[in-house]
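Data file: upload_31.txt. Format and content: compact mmCIF, C-alpha atoms.
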# COMPACT_ATOMS: atom_id res chain seq x y z
CA MET N 1 -37.13 80.60 -63.06
CA THR N 2 -40.43 80.38 -61.29
CA ARG N 3 -42.72 77.44 -61.60
CA SER N 4 -46.14 77.99 -60.16
CA ALA N 5 -49.04 75.70 -59.72
CA THR N 6 -51.93 78.06 -60.25
CA GLU N 7 -55.61 77.49 -60.24
CA HIS N 8 -56.87 75.17 -62.89
CA GLY N 9 -60.12 73.46 -63.66
CA THR N 10 -62.75 74.90 -61.38
CA GLY N 11 -61.18 78.28 -61.12
CA THR N 12 -61.50 78.58 -57.36
CA ASP N 13 -58.87 80.49 -55.48
CA THR N 14 -56.50 77.74 -54.40
CA GLU N 15 -53.36 78.36 -52.45
CA VAL N 16 -50.56 79.17 -54.87
CA MET N 17 -47.42 77.21 -54.19
CA GLN N 18 -44.24 78.50 -55.64
CA LEU N 19 -41.03 76.56 -56.04
CA THR N 20 -38.25 78.86 -57.01
CA VAL N 21 -35.19 77.31 -58.49
CA THR N 22 -32.25 79.61 -58.09
CA GLU N 23 -29.09 79.76 -60.14
CA GLU N 24 -27.31 78.28 -57.10
CA ASP N 25 -29.70 75.29 -57.06
CA ARG N 26 -28.99 74.53 -60.68
CA ARG N 27 -25.27 74.77 -60.13
CA VAL N 28 -25.40 72.44 -57.12
CA ALA N 29 -27.49 69.96 -59.10
CA TRP N 30 -25.09 69.94 -62.04
CA LEU N 31 -22.02 69.59 -59.85
CA ALA N 32 -23.65 66.84 -57.81
CA THR N 33 -24.46 65.04 -61.06
CA ALA N 34 -20.81 65.21 -62.06
CA ALA N 35 -19.81 63.89 -58.63
CA VAL N 36 -22.33 61.04 -58.82
CA GLY N 37 -21.00 60.14 -62.28
CA LEU N 38 -17.49 59.93 -60.88
CA SER N 39 -18.77 57.83 -57.95
CA LEU N 40 -20.13 55.34 -60.47
CA VAL N 41 -16.78 55.26 -62.29
CA ASP N 42 -15.18 54.72 -58.88
CA ALA N 43 -17.41 51.76 -58.16
CA ALA N 44 -16.62 50.21 -61.53
CA ILE N 45 -12.87 50.20 -60.89
CA PRO N 46 -11.87 46.86 -59.39
CA SER N 47 -10.27 47.19 -55.98
CA PRO N 48 -7.80 44.82 -54.34
CA LEU N 49 -9.30 45.48 -50.91
CA PRO N 50 -12.77 46.64 -49.90
CA GLY N 51 -12.49 50.24 -48.82
CA VAL N 52 -9.58 51.12 -51.07
CA LYS N 53 -11.08 53.32 -53.77
CA PRO N 54 -9.70 56.23 -55.77
CA GLY N 55 -12.51 58.52 -54.60
CA LEU N 56 -12.63 60.43 -57.88
CA ALA N 57 -15.75 62.32 -56.80
CA ASN N 58 -13.58 64.24 -54.37
CA ILE N 59 -12.07 66.05 -57.34
CA VAL N 60 -15.46 67.70 -57.79
CA THR N 61 -15.64 68.52 -54.07
CA LEU N 62 -12.22 70.18 -54.19
CA ILE N 63 -13.10 72.30 -57.21
CA VAL N 64 -16.48 73.28 -55.74
CA LEU N 65 -14.78 74.23 -52.49
CA ALA N 66 -12.31 76.47 -54.29
CA ARG N 67 -14.82 78.10 -56.64
CA TYR N 68 -18.08 78.32 -54.68
CA GLY N 69 -17.14 77.86 -51.03
CA TRP N 70 -17.69 75.36 -48.28
CA GLY N 71 -21.48 75.52 -48.12
CA THR N 72 -21.87 74.51 -51.76
CA ALA N 73 -19.29 71.75 -51.26
CA VAL N 74 -21.39 70.34 -48.42
CA TRP N 75 -24.52 70.38 -50.59
CA VAL N 76 -22.81 68.73 -53.53
CA SER N 77 -21.23 66.03 -51.31
CA ALA N 78 -24.46 65.28 -49.46
CA LEU N 79 -26.38 64.90 -52.72
CA ARG N 80 -23.58 62.77 -54.13
CA VAL N 81 -23.65 60.37 -51.18
CA LEU N 82 -27.44 60.14 -51.33
CA ALA N 83 -27.84 59.75 -55.09
CA GLY N 84 -24.73 57.61 -55.43
CA SER N 85 -25.96 55.15 -52.81
CA LEU N 86 -29.40 55.00 -54.43
CA LEU N 87 -27.90 54.30 -57.85
CA LEU N 88 -25.45 51.71 -56.57
CA GLY N 89 -28.07 50.14 -54.32
CA PHE N 90 -26.55 50.58 -50.89
CA PHE N 91 -28.81 53.33 -49.54
CA LEU N 92 -29.11 52.85 -45.74
CA ALA N 93 -26.85 49.77 -45.91
CA PRO N 94 -23.61 49.80 -43.86
CA GLY N 95 -21.70 51.15 -46.84
CA PHE N 96 -23.96 54.18 -46.91
CA PHE N 97 -23.18 55.10 -43.32
CA LEU N 98 -19.48 54.50 -43.87
CA SER N 99 -19.63 56.78 -46.88
CA LEU N 100 -21.61 59.39 -44.95
CA THR N 101 -19.23 59.37 -41.99
CA GLY N 102 -16.16 59.59 -44.21
CA THR N 103 -17.65 62.43 -46.23
CA THR N 104 -18.75 64.34 -43.13
CA LEU N 105 -15.33 64.14 -41.54
CA SER N 106 -13.50 65.08 -44.71
CA LEU N 107 -15.82 68.06 -45.22
CA LEU N 108 -15.14 69.23 -41.66
CA THR N 109 -11.42 68.85 -42.32
CA LEU N 110 -11.73 70.78 -45.57
CA GLY N 111 -13.65 73.47 -43.70
CA LEU N 112 -10.64 73.95 -41.44
CA ALA N 113 -7.90 73.33 -44.00
CA ARG N 114 -9.21 75.83 -46.54
CA HIS N 115 -8.07 78.60 -44.20
CA LEU N 116 -4.47 77.52 -44.70
CA PRO N 117 -2.46 80.14 -46.61
CA LYS N 118 -3.19 79.62 -50.31
CA ARG N 119 0.29 80.61 -51.34
CA TRP N 120 1.73 77.56 -49.61
CA PHE N 121 -1.01 74.99 -49.53
CA GLY N 122 -2.91 74.08 -52.67
CA PRO N 123 -5.53 71.47 -53.63
CA VAL N 124 -2.99 68.68 -53.14
CA SER N 125 -2.72 69.43 -49.40
CA LEU N 126 -6.49 69.72 -49.02
CA SER N 127 -7.01 66.48 -50.91
CA ILE N 128 -4.52 64.52 -48.80
CA LEU N 129 -5.92 65.85 -45.52
CA ALA N 130 -9.48 65.12 -46.64
CA ALA N 131 -8.52 61.59 -47.70
CA PHE N 132 -7.01 60.90 -44.27
CA ALA N 133 -10.09 62.29 -42.53
CA HIS N 134 -12.30 60.16 -44.79
CA ILE N 135 -10.58 56.88 -44.02
CA GLY N 136 -10.18 57.81 -40.35
CA GLY N 137 -13.90 58.38 -40.01
CA GLN N 138 -14.71 55.12 -41.77
CA LEU N 139 -12.33 53.13 -39.59
CA LEU N 140 -13.75 54.63 -36.40
CA LEU N 141 -17.32 53.90 -37.46
CA ALA N 142 -16.38 50.37 -38.51
CA ARG N 143 -14.70 49.82 -35.13
CA ALA N 144 -17.61 51.31 -33.18
CA TRP N 145 -20.42 49.65 -35.08
CA LEU N 146 -19.63 47.01 -37.70
CA ILE N 147 -16.65 45.12 -36.32
CA PRO N 148 -16.32 45.90 -32.58
CA HIS N 149 -12.79 44.58 -32.36
CA ASP N 150 -9.43 46.30 -32.55
CA GLY N 151 -8.48 43.94 -35.36
CA VAL N 152 -10.10 46.49 -37.68
CA PHE N 153 -7.16 48.80 -37.13
CA LEU N 154 -4.71 46.22 -38.49
CA LEU N 155 -5.51 47.54 -41.94
CA THR N 156 -4.92 51.18 -40.96
CA PRO N 157 -1.43 51.42 -42.53
CA VAL N 158 -2.72 50.03 -45.83
CA PHE N 159 -5.72 52.37 -45.87
CA ALA N 160 -3.56 55.35 -44.87
CA GLY N 161 -1.09 54.54 -47.64
CA ALA N 162 -3.92 54.36 -50.16
CA ALA N 163 -5.33 57.65 -48.84
CA LEU N 164 -1.96 59.32 -49.37
CA VAL N 165 -1.55 58.00 -52.92
CA PHE N 166 -5.11 58.65 -54.12
CA GLY N 167 -5.32 61.92 -52.18
CA THR N 168 -2.25 63.19 -53.99
CA ILE N 169 -3.50 62.05 -57.41
CA ASN N 170 -6.98 63.56 -56.92
CA GLY N 171 -5.47 66.78 -55.61
CA LEU N 172 -3.22 67.02 -58.66
CA ILE N 173 -6.14 66.43 -61.02
CA ALA N 174 -8.21 69.08 -59.20
CA ALA N 175 -5.30 71.54 -59.32
CA LYS N 176 -4.82 70.83 -63.02
CA LEU N 177 -8.49 71.39 -63.80
CA MET N 178 -8.53 74.62 -61.80
CA SER N 179 -5.41 75.93 -63.50
CA GLU N 180 -7.12 75.69 -66.88
CA PRO N 181 -9.71 78.30 -67.81
CA ALA N 182 -13.26 77.10 -67.40
CA LEU N 183 -14.89 76.39 -70.72
CA SER N 184 -18.59 75.89 -70.17
CA GLU N 185 -19.12 78.12 -67.18
CA THR N 186 -18.02 81.58 -66.28
CA PRO N 187 -15.54 81.65 -63.44
CA HIS N 188 -17.10 82.94 -60.25
CA ALA N 189 -14.11 83.12 -58.00
CA MET R 1 5.01 65.37 -66.19
CA LYS R 2 6.62 68.80 -66.18
CA SER R 3 3.30 70.61 -66.34
CA TRP R 4 2.09 68.84 -63.20
CA LEU R 5 4.97 69.82 -60.93
CA PRO R 6 4.13 73.54 -60.63
CA LEU R 7 0.70 72.52 -59.33
CA ILE R 8 2.32 71.31 -56.12
CA ARG R 9 2.95 74.22 -53.77
CA PRO R 10 5.71 74.26 -51.12
CA GLY R 11 3.31 73.40 -48.30
CA ASP R 12 1.96 70.52 -50.35
CA TRP R 13 5.40 68.94 -50.39
CA LEU R 14 5.50 69.37 -46.63
CA ILE R 15 2.12 67.68 -46.20
CA MET R 16 3.12 64.87 -48.56
CA LEU R 17 6.36 64.28 -46.69
CA ALA R 18 4.71 64.39 -43.26
CA SER R 19 1.96 62.05 -44.45
CA ALA R 20 4.45 59.60 -45.92
CA LEU R 21 6.33 59.58 -42.61
CA ALA R 22 3.09 59.10 -40.68
CA VAL R 23 2.08 56.20 -42.93
CA GLY R 24 5.53 54.65 -42.53
CA ALA R 25 5.37 55.05 -38.77
CA SER R 26 1.87 53.56 -38.64
CA PHE R 27 3.12 50.15 -39.76
CA PRO R 28 5.06 49.27 -36.57
CA ILE R 29 2.39 50.95 -34.43
CA PHE R 30 -0.55 49.00 -35.83
CA TRP R 31 1.32 45.85 -36.68
CA GLN R 32 2.76 45.55 -33.22
CA GLY R 33 4.25 42.36 -31.96
CA GLY R 34 6.81 42.69 -34.70
CA LEU R 35 7.71 39.84 -36.95
CA ALA R 36 7.05 36.21 -36.22
CA GLU R 37 10.20 35.08 -34.47
CA ARG R 38 9.45 31.89 -32.56
CA ALA R 39 7.06 29.01 -32.68
CA ILE R 40 5.88 27.47 -29.43
CA ILE R 41 4.71 23.88 -29.65
CA ARG R 42 2.69 22.65 -26.69
CA GLN R 43 1.64 19.16 -25.82
CA GLU R 44 -0.85 18.52 -23.01
CA GLY R 45 -0.44 22.23 -22.12
CA ARG R 46 3.26 21.90 -21.47
CA ILE R 47 5.84 23.39 -23.76
CA PHE R 48 7.16 20.67 -26.04
CA ALA R 49 9.53 22.87 -28.02
CA GLU R 50 10.30 26.54 -28.59
CA VAL R 51 11.77 27.02 -32.04
CA ASP R 52 13.35 30.03 -33.74
CA LEU R 53 11.64 30.56 -37.08
CA LYS R 54 14.88 30.57 -38.99
CA ALA R 55 15.60 27.14 -40.34
CA ARG R 56 13.47 24.56 -42.09
CA LYS R 57 12.51 21.85 -39.60
CA GLN R 58 9.86 19.25 -38.91
CA TYR R 59 8.58 18.11 -35.54
CA GLU R 60 6.64 15.02 -34.62
CA VAL R 61 4.58 15.48 -31.48
CA ALA R 62 2.95 12.46 -29.91
CA GLY R 63 -0.56 12.82 -28.50
CA PRO R 64 -3.35 10.53 -27.29
CA LEU R 65 -4.65 10.00 -30.85
CA GLY R 66 -1.35 9.69 -32.66
CA THR R 67 1.36 11.89 -34.08
CA THR R 68 0.93 15.54 -35.03
CA LEU R 69 3.36 16.66 -37.69
CA ILE R 70 4.50 20.30 -37.50
CA ALA R 71 6.60 22.08 -40.12
CA VAL R 72 8.71 25.13 -39.36
CA GLU R 73 10.07 27.40 -42.08
CA PRO R 74 11.77 30.80 -41.98
CA GLY R 75 9.07 33.21 -40.75
CA ARG R 76 6.22 30.72 -40.60
CA ALA R 77 5.01 27.42 -39.23
CA ARG R 78 2.07 25.08 -39.78
CA VAL R 79 0.48 21.84 -38.72
CA VAL R 80 1.05 19.49 -41.64
CA ALA R 81 -0.80 16.44 -40.44
CA ASP R 82 -2.87 15.59 -37.41
CA PRO R 83 -5.06 12.64 -36.44
CA SER R 84 -7.91 14.88 -35.21
CA PRO R 85 -11.22 14.14 -36.96
CA ARG R 86 -12.10 17.66 -38.12
CA GLN R 87 -8.61 18.79 -39.11
CA TYR R 88 -9.21 22.39 -38.01
CA CYS R 89 -5.58 23.04 -37.09
CA VAL R 90 -4.35 21.59 -40.40
CA LYS R 91 -6.82 23.69 -42.42
CA GLN R 92 -5.54 26.86 -40.77
CA GLY R 93 -2.48 26.60 -42.95
CA TRP R 94 0.60 28.72 -42.43
CA LEU R 95 0.77 30.83 -39.29
CA MET R 96 2.82 33.95 -39.87
CA ARG R 97 1.83 36.63 -37.38
CA PRO R 98 2.64 36.81 -33.67
CA GLY R 99 -0.26 35.63 -31.58
CA GLU R 100 -1.61 33.25 -34.20
CA ILE R 101 -2.32 29.80 -32.87
CA ALA R 102 -3.44 26.46 -34.29
CA ILE R 103 -4.96 24.12 -31.73
CA CYS R 104 -5.36 20.42 -32.42
CA ALA R 105 -7.60 19.90 -29.41
CA PRO R 106 -8.38 16.20 -29.77
CA ASN R 107 -4.70 15.36 -29.91
CA ARG R 108 -3.87 17.98 -27.25
CA VAL R 109 -1.24 19.71 -29.34
CA SER R 110 -1.00 23.42 -30.11
CA LEU R 111 1.28 25.54 -32.26
CA GLN R 112 1.64 29.23 -31.49
CA ILE R 113 3.64 32.01 -33.11
CA ALA R 114 5.42 34.50 -30.87
CA GLY R 115 7.18 37.76 -31.64
CA ARG R 116 9.31 40.20 -29.76
CA THR R 117 6.48 41.49 -27.62
CA ARG R 118 3.61 39.53 -26.27
CA VAL R 119 0.29 39.88 -28.03
CA TYR R 120 -2.90 39.01 -26.20
CA ASP R 121 -5.55 37.17 -28.12
CA SER R 122 -8.12 38.32 -25.61
CA ILE R 123 -8.26 40.41 -22.50
CA SER R 124 -10.78 39.91 -19.71
CA TYR R 125 -11.59 42.46 -17.10

Could you write out this file's structure as structure tokens?
Amino acid sequence: MTRSATEHGTGTDTEVMQLTVTEEDRRVAWLATAAVGLSLVDAAIPSPLPGVKPGLANIVTLIVLARYGWGTAVWVSALRVLAGSLLLGFFLAPGFFLSLTGTTLSLLTLGLARHLPKRWFGPVSLSILAAFAHIGGQLLLARAWLIPHDGVFLLTPVFAGAALVFGTINGLIAAKLMSEPALSETPHA
Amino acid sequence: MKSWLPLIRPGDWLIMLASALAVGASFPIFWQGGLAERAIIRQEGRIFAEVDLKARKQYEVAGPLGTTLIAVEPGRARVVADPSPRQYCVKQGWLMRPGEIAICAPNRVSLQIAGRTRVYDSISY
């Protein structure tokens, strides 16, 4: 669809600016919306320890990665971090940078891990590896910037355990959703 | 439950197992110093008593202000009562991890937890 701002009023020849919205843009927007929605659900779940969260939005990332590739996954994740932080009110606060670092590292990990043979390694593997990368990135940033003391790493085993549990659950949910035929959209893969 | 199992591929099991082992191994690595094994009570900087944290015991340590009462229990120790005005060492409560220390400075008494290996509370270069 093409939206154009053409001459109006005086009728002089003004520069015509065109903003084309591609099919891809719409898809990214919808998927990011789904991811943001899950981020909000995530934030509403009470957590015993700050930093331990299910990370439900990663289910969307995993499905996007499998169906539309890494580039789309990066777009959807970036928009999710941005919009999610705006909605939850921590845009540019420490939590935003923690979230950004975790997401960046897990996307890089997914970029490498998606080349693993599909026959052997499914969404569960990708999800676990991404969860570890996510918490690893957050811990390193927290150590480097927020709490410059090695005491931060005392919680590593707890965070790693949570990453394993939630990574497995999210991976299973993603695998389950992918194994079922898509209803609302035509499969692209 | 049955419908979820086929979703896990062979390599996934491998990753799950390796991750579980890594998480298990991370506990002793990051929680070094092991368990709290001994309590070291100091008075005027000198060691007053070194106690194994196994039995339930109470110690009365005399200082310039009066008596500091220290309780030892299996795996933990605390300052129960102290004549110091601000009661910082009493408010610290139970000490359970190696390296933890409660210092009753005005009465010149300290209680420190020690483990198998020595943990530094600070390192200067």

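Between atom CA of Pro46 of chain N and atom CA of Leu98 of chain N there is a distance of 18.9 Å.
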
Exercise for review: Identify which of the residues N:Gly171, N:Phe96, N:Lys176, N:Trp70 lies closest to Leu112 of chain N, counting only C-alpha atoms when measuring atom-to-atom distances.
Suggested key: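 Under the stated criterion, the closest residue is N:Trp70.
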
Hey, could you make a per-residue contact list for chain R against chain N with 7 Å as the cut-off, showing the nearest pair of atoms and its distance in Å to one decimal, counting all atoms listed in the file, sorted by chain and number, as CSV?
residue,atom,partner,partner_atom,distance
R:Leu7,CA,N:Ala175,CA,6.1
R:Ile8,CA,N:Val124,CA,6.6
R:Arg9,CA,N:Trp120,CA,5.5
R:Pro10,CA,N:Trp120,CA,5.4
R:Gly11,CA,N:Trp120,CA,4.6
R:Asp12,CA,N:Ser125,CA,4.9
R:Ile15,CA,N:Ser125,CA,6.1
R:Ser19,CA,N:Leu164,CA,6.9
R:Val23,CA,N:Gly161,CA,5.9
R:Ser26,CA,N:Pro157,CA,5.5
R:Phe27,CA,N:Pro157,CA,5.5
R:Phe30,CA,N:Leu154,CA,5.7
R:Trp31,CA,N:Leu154,CA,6.3

**Prompt:** If you measure from atom CA of Pro85 of chain R to atom CA of Ala105 of chain R, what distance in Å do you get, rounded to one decimal?
**Reply:**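 Rounded to one decimal, the two atoms are 10.2 Å apart.
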
Skip Ile70 of chain R itself and residues of its chain fewer than 4 positions away, then list as an MDAnalysis selection string all residues within 9 Å of it, counting only C-alpha atoms.
chainID R and resid 41 57:61 77:82 111

Please, what distance in Å, to one decimal, runs between atom CA of Pro64 of chain R and atom CA of Ile103 of chain R?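 These atoms are spaced 14.4 Å apart.
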